[in-house]
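Participant: For reference, the file model-v8.txt (compact mmCIF, C-alpha atoms) is included below:
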```txt
# COMPACT_ATOMS: atom_id res chain seq x y z
CA MET V 1 -67.95 50.63 23.13
CA ARG V 2 -64.95 48.50 22.60
CA HIS V 3 -63.67 50.36 19.60
CA ARG V 4 -59.93 50.03 19.13
CA ASN V 5 -59.62 47.54 21.95
CA ALA V 6 -57.97 44.72 20.13
CA GLY V 7 -56.61 41.74 21.96
CA LEU V 8 -57.80 39.51 24.72
CA LYS V 9 -57.30 39.93 28.44
CA LEU V 10 -57.39 36.23 29.23
CA ASN V 11 -58.51 36.95 32.80
CA ARG V 12 -55.10 38.30 33.67
CA ASP V 13 -53.76 41.69 34.55
CA ALA V 14 -51.29 43.36 32.24
CA ALA V 15 -48.20 42.14 34.04
CA HIS V 16 -49.45 38.59 34.23
CA ARG V 17 -50.36 38.62 30.55
CA ASP V 18 -47.01 40.06 29.62
CA ALA V 19 -45.17 37.40 31.58
CA LEU V 20 -47.31 34.68 30.06
CA PHE V 21 -46.67 35.70 26.48
CA ARG V 22 -42.98 36.23 27.09
CA ASN V 23 -42.85 32.65 28.31
CA LEU V 24 -44.90 31.39 25.42
CA VAL V 25 -43.00 33.22 22.70
CA THR V 26 -39.70 32.06 24.14
CA ALA V 27 -40.94 28.49 24.22
CA LEU V 28 -42.22 28.76 20.67
CA PHE V 29 -38.86 29.78 19.30
CA GLU V 30 -37.08 27.27 21.46
CA TYR V 31 -39.09 24.25 20.38
CA GLY V 32 -40.50 25.34 17.03
CA LYS V 33 -43.96 24.17 17.97
CA ILE V 34 -45.89 24.30 21.18
CA ARG V 35 -49.34 23.40 22.41
CA THR V 36 -51.50 25.95 24.12
CA THR V 37 -55.13 26.96 24.26
CA ASP V 38 -56.79 28.34 21.15
CA ALA V 39 -57.14 31.82 22.62
CA LYS V 40 -53.53 32.05 23.72
CA ALA V 41 -52.37 30.62 20.41
CA LYS V 42 -54.16 33.34 18.52
CA GLU V 43 -52.72 36.07 20.69
CA LEU V 44 -49.29 34.53 20.47
CA ARG V 45 -49.17 35.03 16.69
CA GLY V 46 -48.63 38.73 17.04
CA TRP V 47 -45.80 38.29 19.51
CA ALA V 48 -44.09 35.72 17.32
CA ASP V 49 -44.41 37.88 14.22
CA HIS V 50 -42.92 40.81 16.08
CA MET V 51 -39.92 38.73 17.11
CA VAL V 52 -39.35 37.53 13.57
CA THR V 53 -39.65 41.06 12.24
CA LEU V 54 -36.99 42.18 14.69
CA ALA V 55 -34.81 39.24 13.75
CA LYS V 56 -35.07 40.04 10.07
CA ARG V 57 -34.04 43.60 10.78
CA GLY V 58 -31.11 42.10 12.59
CA ASP V 59 -29.34 45.18 13.94
CA LEU V 60 -28.12 45.54 17.48
CA HIS V 61 -31.09 47.59 18.60
CA ALA V 62 -33.48 45.01 17.23
CA ARG V 63 -31.55 42.31 19.02
CA ARG V 64 -31.83 44.19 22.30
CA GLN V 65 -35.54 44.71 21.74
CA ALA V 66 -35.97 40.98 21.23
CA MET V 67 -33.91 40.30 24.34
CA ALA V 68 -36.32 42.49 26.25
CA VAL V 69 -39.10 40.08 25.39
CA MET V 70 -37.62 36.63 25.09
CA ARG V 71 -36.20 35.14 28.22
CA LYS V 72 -33.34 33.15 26.78
CA LYS V 73 -30.37 34.74 25.14
CA ASP V 74 -29.38 31.71 23.11
CA ILE V 75 -32.86 31.45 21.65
CA VAL V 76 -32.70 35.07 20.51
CA HIS V 77 -29.32 34.54 18.91
CA ARG V 78 -30.47 31.41 17.16
CA LEU V 79 -33.54 33.18 15.82
CA PHE V 80 -31.49 36.11 14.58
CA ALA V 81 -29.06 33.75 12.90
CA GLU V 82 -31.67 31.83 10.96
CA ALA V 83 -34.47 34.37 10.48
CA ALA V 84 -33.29 35.88 7.22
CA GLU V 85 -32.92 32.49 5.62
CA ARG V 86 -36.01 30.90 7.08
CA PHE V 87 -38.44 33.79 6.85
CA GLY V 88 -36.84 36.07 4.29
CA GLN V 89 -39.34 35.28 1.57
CA VAL V 90 -42.38 35.66 3.80
CA ALA V 91 -43.94 38.94 4.85
CA GLY V 92 -45.69 38.21 8.11
CA GLY V 93 -47.74 35.28 9.26
CA TYR V 94 -44.81 33.25 10.46
CA THR V 95 -46.87 30.83 12.49
CA ARG V 96 -49.39 28.14 11.74
CA ILE V 97 -52.13 27.17 14.15
CA THR V 98 -53.72 23.76 13.96
CA LYS V 99 -56.53 22.96 16.31
CA ILE V 100 -56.15 19.78 18.28
CA GLY V 101 -59.31 19.63 20.34
CA PRO V 102 -60.40 19.70 23.94
CA ARG V 103 -57.78 18.92 26.52
CA PRO V 104 -58.51 16.30 29.11
CA GLY V 105 -59.05 17.82 32.51
CA ASP V 106 -60.78 21.06 31.69
CA LYS V 107 -61.99 20.57 28.11
CA ALA V 108 -60.16 23.71 27.06
CA PRO V 109 -59.68 23.82 23.29
CA VAL V 110 -56.01 23.30 22.56
CA SER V 111 -54.04 24.24 19.46
CA LEU V 112 -50.66 23.47 18.08
CA VAL V 113 -48.69 26.60 17.19
CA GLU V 114 -45.73 26.09 14.94
CA LEU V 115 -43.30 28.23 13.02
CA ILE V 116 -43.54 27.94 9.29
CA GLY V 117 -40.56 26.98 7.19
CA GLU V 118 -38.02 24.28 7.79
CA ALA V 119 -35.64 24.50 10.70
CA LYS V 120 -32.14 23.63 9.73
CA GLU V 121 -30.89 20.27 10.92
CA GLU V 122 -27.75 21.80 12.29
CA LYS V 123 -29.82 24.08 14.50
CA ARG V 124 -31.58 21.13 16.03
CA GLU V 125 -28.22 19.72 17.01
CA LYS V 126 -27.33 22.99 18.61
CA ARG V 127 -30.55 23.03 20.59
CA ARG V 128 -29.89 19.57 21.96
CA THR V 129 -26.52 20.54 23.29
CA GLY V 130 -27.99 23.73 24.68
CA PHE V 131 -30.59 21.78 26.57
CA ALA V 132 -28.02 19.39 28.00
CA GLY V 133 -25.92 22.32 29.07
CA ARG V 134 -28.84 23.93 30.80
CA LYS V 135 -29.74 20.67 32.46
CA LYS V 136 -26.31 20.52 33.95
CA ALA V 137 -26.62 24.08 35.14
CA GLY V 138 -29.49 22.94 37.32
CA LYS V 139 -32.69 24.79 37.95
CA ALA V 140 -31.83 27.50 35.49
CA GLY V 141 -33.14 25.36 32.64
CA LYS V 142 -36.33 24.41 34.42
CA LYS V 143 -38.59 27.18 33.33
CA ALA V 144 -41.44 25.30 31.70
CA ALA V 145 -43.50 28.06 30.16
CA THR V 146 -46.66 28.35 32.17
CA GLU V 147 -48.92 26.50 29.84
CA SER V 148 -46.98 25.19 26.96
CA LYS V 149 -45.10 22.05 26.76
CA ALA V 150 -42.92 20.97 23.93
CA ALA V 151 -44.97 19.14 21.41
CA ALA V 152 -43.82 15.61 21.03
CA PRO V 153 -41.30 15.26 18.22
CA ALA V 154 -43.97 13.45 16.21
CA PRO V 155 -42.14 10.30 15.25
CA GLU V 156 -43.81 8.46 12.39
CA SER V 157 -46.89 9.58 10.65
CA ALA V 158 -47.98 6.19 9.40
CA PRO V 159 -51.74 6.15 9.83
CA GLU V 160 -52.92 3.12 11.72
CA THR V 161 -55.23 0.73 9.98
CA PRO V 162 -58.73 2.21 10.16
CA ALA V 163 -60.58 0.75 13.06
CA MET G 1 -88.99 41.55 48.34
CA PRO G 2 -91.22 40.52 45.43
CA LEU G 3 -92.77 37.15 45.94
CA PRO G 4 -94.59 34.95 43.44
CA LYS G 5 -98.30 35.10 43.98
CA HIS G 6 -99.21 32.03 42.01
CA ARG G 7 -97.68 28.73 41.32
CA HIS G 8 -96.55 28.30 37.70
CA SER G 9 -98.34 25.49 35.95
CA ARG G 10 -96.49 22.54 34.49
CA GLN G 11 -97.25 23.93 31.08
CA ARG G 12 -95.55 27.24 31.84
CA ARG G 13 -92.58 25.50 33.40
CA ASP G 14 -92.19 23.21 30.42
CA LYS G 15 -92.62 26.01 27.94
CA ARG G 16 -89.80 27.85 29.64
CA ARG G 17 -87.65 24.78 29.27
CA THR G 18 -88.18 24.37 25.54
CA HIS G 19 -85.06 26.42 25.02
CA ASP G 20 -82.98 24.32 27.40
CA LYS G 21 -81.68 21.85 24.91
CA ILE G 22 -78.34 20.61 23.81
CA THR G 23 -77.17 20.01 20.29
CA ALA G 24 -75.01 17.17 19.18
CA PRO G 25 -71.46 18.12 18.19
CA LYS G 26 -70.75 18.21 14.47
CA VAL G 27 -68.77 15.29 13.21
CA VAL G 28 -66.89 14.78 9.98
CA PHE G 29 -64.96 11.78 8.79
CA CYS G 30 -61.21 11.88 8.49
CA PRO G 31 -60.21 11.62 4.83
CA GLN G 32 -57.14 9.70 5.91
CA CYS G 33 -58.48 7.03 8.19
CA LYS G 34 -62.26 7.43 7.84
CA GLU G 35 -62.58 7.80 11.58
CA ALA G 36 -65.10 10.29 12.96
CA LYS G 37 -63.48 13.54 14.07
CA MET G 38 -64.33 17.14 14.83
CA PRO G 39 -64.24 19.50 11.87
CA HIS G 40 -61.21 21.79 11.46
CA ARG G 41 -59.19 19.78 13.92
CA ILE G 42 -56.41 17.28 13.85
CA CYS G 43 -57.73 13.76 13.57
CA PRO G 44 -57.11 12.20 16.97
CA ASN G 45 -56.91 8.76 15.43
CA CYS G 46 -54.26 9.22 12.75
CA GLY G 47 -52.87 12.63 13.70
CA THR G 48 -53.29 14.20 10.29
CA TYR G 49 -54.90 17.42 9.22
CA LYS G 50 -55.47 18.40 5.61
CA GLY G 51 -53.49 15.41 4.48
CA ARG G 52 -50.08 16.93 4.96
CA SER G 53 -49.97 18.22 8.49
CA VAL G 54 -48.95 15.02 10.19
CA ILE G 55 -48.36 16.43 13.60
CA GLU G 56 -49.50 14.37 16.51
CA ALA G 57 -48.47 10.80 16.84
CA LYS G 58 -51.64 8.86 17.35
CA GLU G 59 -52.37 7.54 20.80
```
Once you've parsed the file, please lay out its structure as structure tokens.
Facilitator:
Amino acid sequence: MRHRNAGLKLNRDAAHRDALFRNLVTALFEYGKIRTTDAKAKELRGWADHMVTLAKRGDLHARRQAMAVMRKKDIVHRLFAEAAERFGQVAGGYTRITKIGPRPGDKAPVSLVELIGEAKEEKREKRRTGFAGRKKAGKAGKKAATESKAAAPAPESAPETPA
Amino acid sequence: MPLPKHRHSRQRRDKRRTHDKITAPKVVFCPQCKEAKMPHRICPNCGTYKGRSVIEAKE
């Protein structure tokens, strides 16, 4: 019986899974939206919600708990700075998953995970400088979460003329 | 080791295979661009989902 066995194993052992989701959740808060497989996206929701909950609590202990999960200090600080404003009204469910479809190569179903609410423009500026800084630092910035890549910034939405 | 004693007839073989069939994927039409797309997924042609969610830039 699989009573009370929530969650997926994703063909990984506990350490591997832990590392994977730490990467993913860090990437999610860094870029705001990331692409990953449907299964990982669904599991990621819980991790993301936990981080936001900690950020809304906002005390030092919460910050340290978030640091223990997310791999980038600046991302944690940014989340803690904007969480109350961005997610204050919402009680859970801080992510939105939109299915994209099968990925070329292995036909794995891919989703787009994004944080709800509007990111502040000023934050985006901050991120850009942060990235440049990390780039200069060398390999330190080259983490590339296992699976996820930053979703393209989605330039214009103008639908093409129907074919 | 158990071994088959008799050859299976074509009829038996084919009856077994009646369940080996594939179904066509479901298709809906994008309300935005009228292109065929998979249900509950972003339209790969125009990159919209439920009108608002304009996420992917089209190809």
Participant: Once you count all atoms listed in the file, which residues of chain G turn out to be within 10 Å of chain V? Could you give them as a PyMOL selection string?
Facilitator: chain G and resi 32-35+37-49+52-58
Participant: Can you write out the residues you just picked, keeping C-alpha atoms, as a PDB file, in the coordinates of the input?
Facilitator:
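Generated output (result33.pdb):
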```pdb
ATOM      1  CA  GLN G  32     -57.140   9.700   5.910  1.00  0.00           C
ATOM      2  CA  CYS G  33     -58.480   7.030   8.190  1.00  0.00           C
ATOM      3  CA  LYS G  34     -62.260   7.430   7.840  1.00  0.00           C
ATOM      4  CA  GLU G  35     -62.580   7.800  11.580  1.00  0.00           C
ATOM      5  CA  LYS G  37     -63.480  13.540  14.070  1.00  0.00           C
ATOM      6  CA  MET G  38     -64.330  17.140  14.830  1.00  0.00           C
ATOM      7  CA  PRO G  39     -64.240  19.500  11.870  1.00  0.00           C
ATOM      8  CA  HIS G  40     -61.210  21.790  11.460  1.00  0.00           C
ATOM      9  CA  ARG G  41     -59.190  19.780  13.920  1.00  0.00           C
ATOM     10  CA  ILE G  42     -56.410  17.280  13.850  1.00  0.00           C
ATOM     11  CA  CYS G  43     -57.730  13.760  13.570  1.00  0.00           C
ATOM     12  CA  PRO G  44     -57.110  12.200  16.970  1.00  0.00           C
ATOM     13  CA  ASN G  45     -56.910   8.760  15.430  1.00  0.00           C
ATOM     14  CA  CYS G  46     -54.260   9.220  12.750  1.00  0.00           C
ATOM     15  CA  GLY G  47     -52.870  12.630  13.700  1.00  0.00           C
ATOM     16  CA  THR G  48     -53.290  14.200  10.290  1.00  0.00           C
ATOM     17  CA  TYR G  49     -54.900  17.420   9.220  1.00  0.00           C
ATOM     18  CA  ARG G  52     -50.080  16.930   4.960  1.00  0.00           C
ATOM     19  CA  SER G  53     -49.970  18.220   8.490  1.00  0.00           C
ATOM     20  CA  VAL G  54     -48.950  15.020  10.190  1.00  0.00           C
ATOM     21  CA  ILE G  55     -48.360  16.430  13.600  1.00  0.00           C
ATOM     22  CA  GLU G  56     -49.500  14.370  16.510  1.00  0.00           C
ATOM     23  CA  ALA G  57     -48.470  10.800  16.840  1.00  0.00           C
ATOM     24  CA  LYS G  58     -51.640   8.860  17.350  1.00  0.00           C
TER      25      LYS G  58
END
```
Participant: Can you work out the spacing between atom CA of Thr95 of chain V and atom CA of Asp59 of chain V in Å, to one decimal?
Facilitator: 22.7 Å
Participant: Neighbouring residues of Val113 of chain V were defined as those with any atom within 9 Å, considering only C-alpha atoms; residues of the same chain fewer than 2 positions away were excluded. Please report them as a ChimeraX atom specification.
Facilitator: /V:28,32-36,41-42,44-45,95-99,111,115
Participant: What lies within 10 Å of Val90 of chain V using all atoms listed in the file, ignoring chain neighbours under 4 positions off, as a list in words?
Facilitator: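 Result of the neighbour search: Ala84, Arg86, Tyr94, Ile116 and Gly117 of chain V.
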Participant: What's around Gly7 of chain V at 9 Å? Count only C-alpha atoms, leave out sequence neighbours fewer than 2 positions away in its own chain, and write the answer as a ChimeraX atom specification.
Facilitator: /V:5,9,43
Participant: In Å, with one decimal, what is the gap from atom CA of Asp18 of chain V to atom CA of Gly46 of chain V?
Facilitator: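 Interatomic distance, atom CA of Asp18 of chain V to atom CA of Gly46 of chain V: 12.8 Å.
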Participant: At a cut-off of 9 Å, using all atoms listed in the file, what residues contact segment 76-78 of chain V? Leave out same-chain residues fewer than 4 positions from it and give the result as a list in words.
Facilitator: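 Everything that qualifies: Thr26, Phe29, Glu30, Met51, Ala55, Arg63, Ala66, Met67, Met70, Arg71, Lys72, Glu82, Ala83 and Lys123 of chain V.
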Participant: Can you work out the spacing between atom CA of Asp13 of chain V and atom CA of Lys107 of chain V in Å, to one decimal?
Facilitator: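 One can read the atom CA of Asp13 of chain V to atom CA of Lys107 of chain V distance as 23.6 Å.
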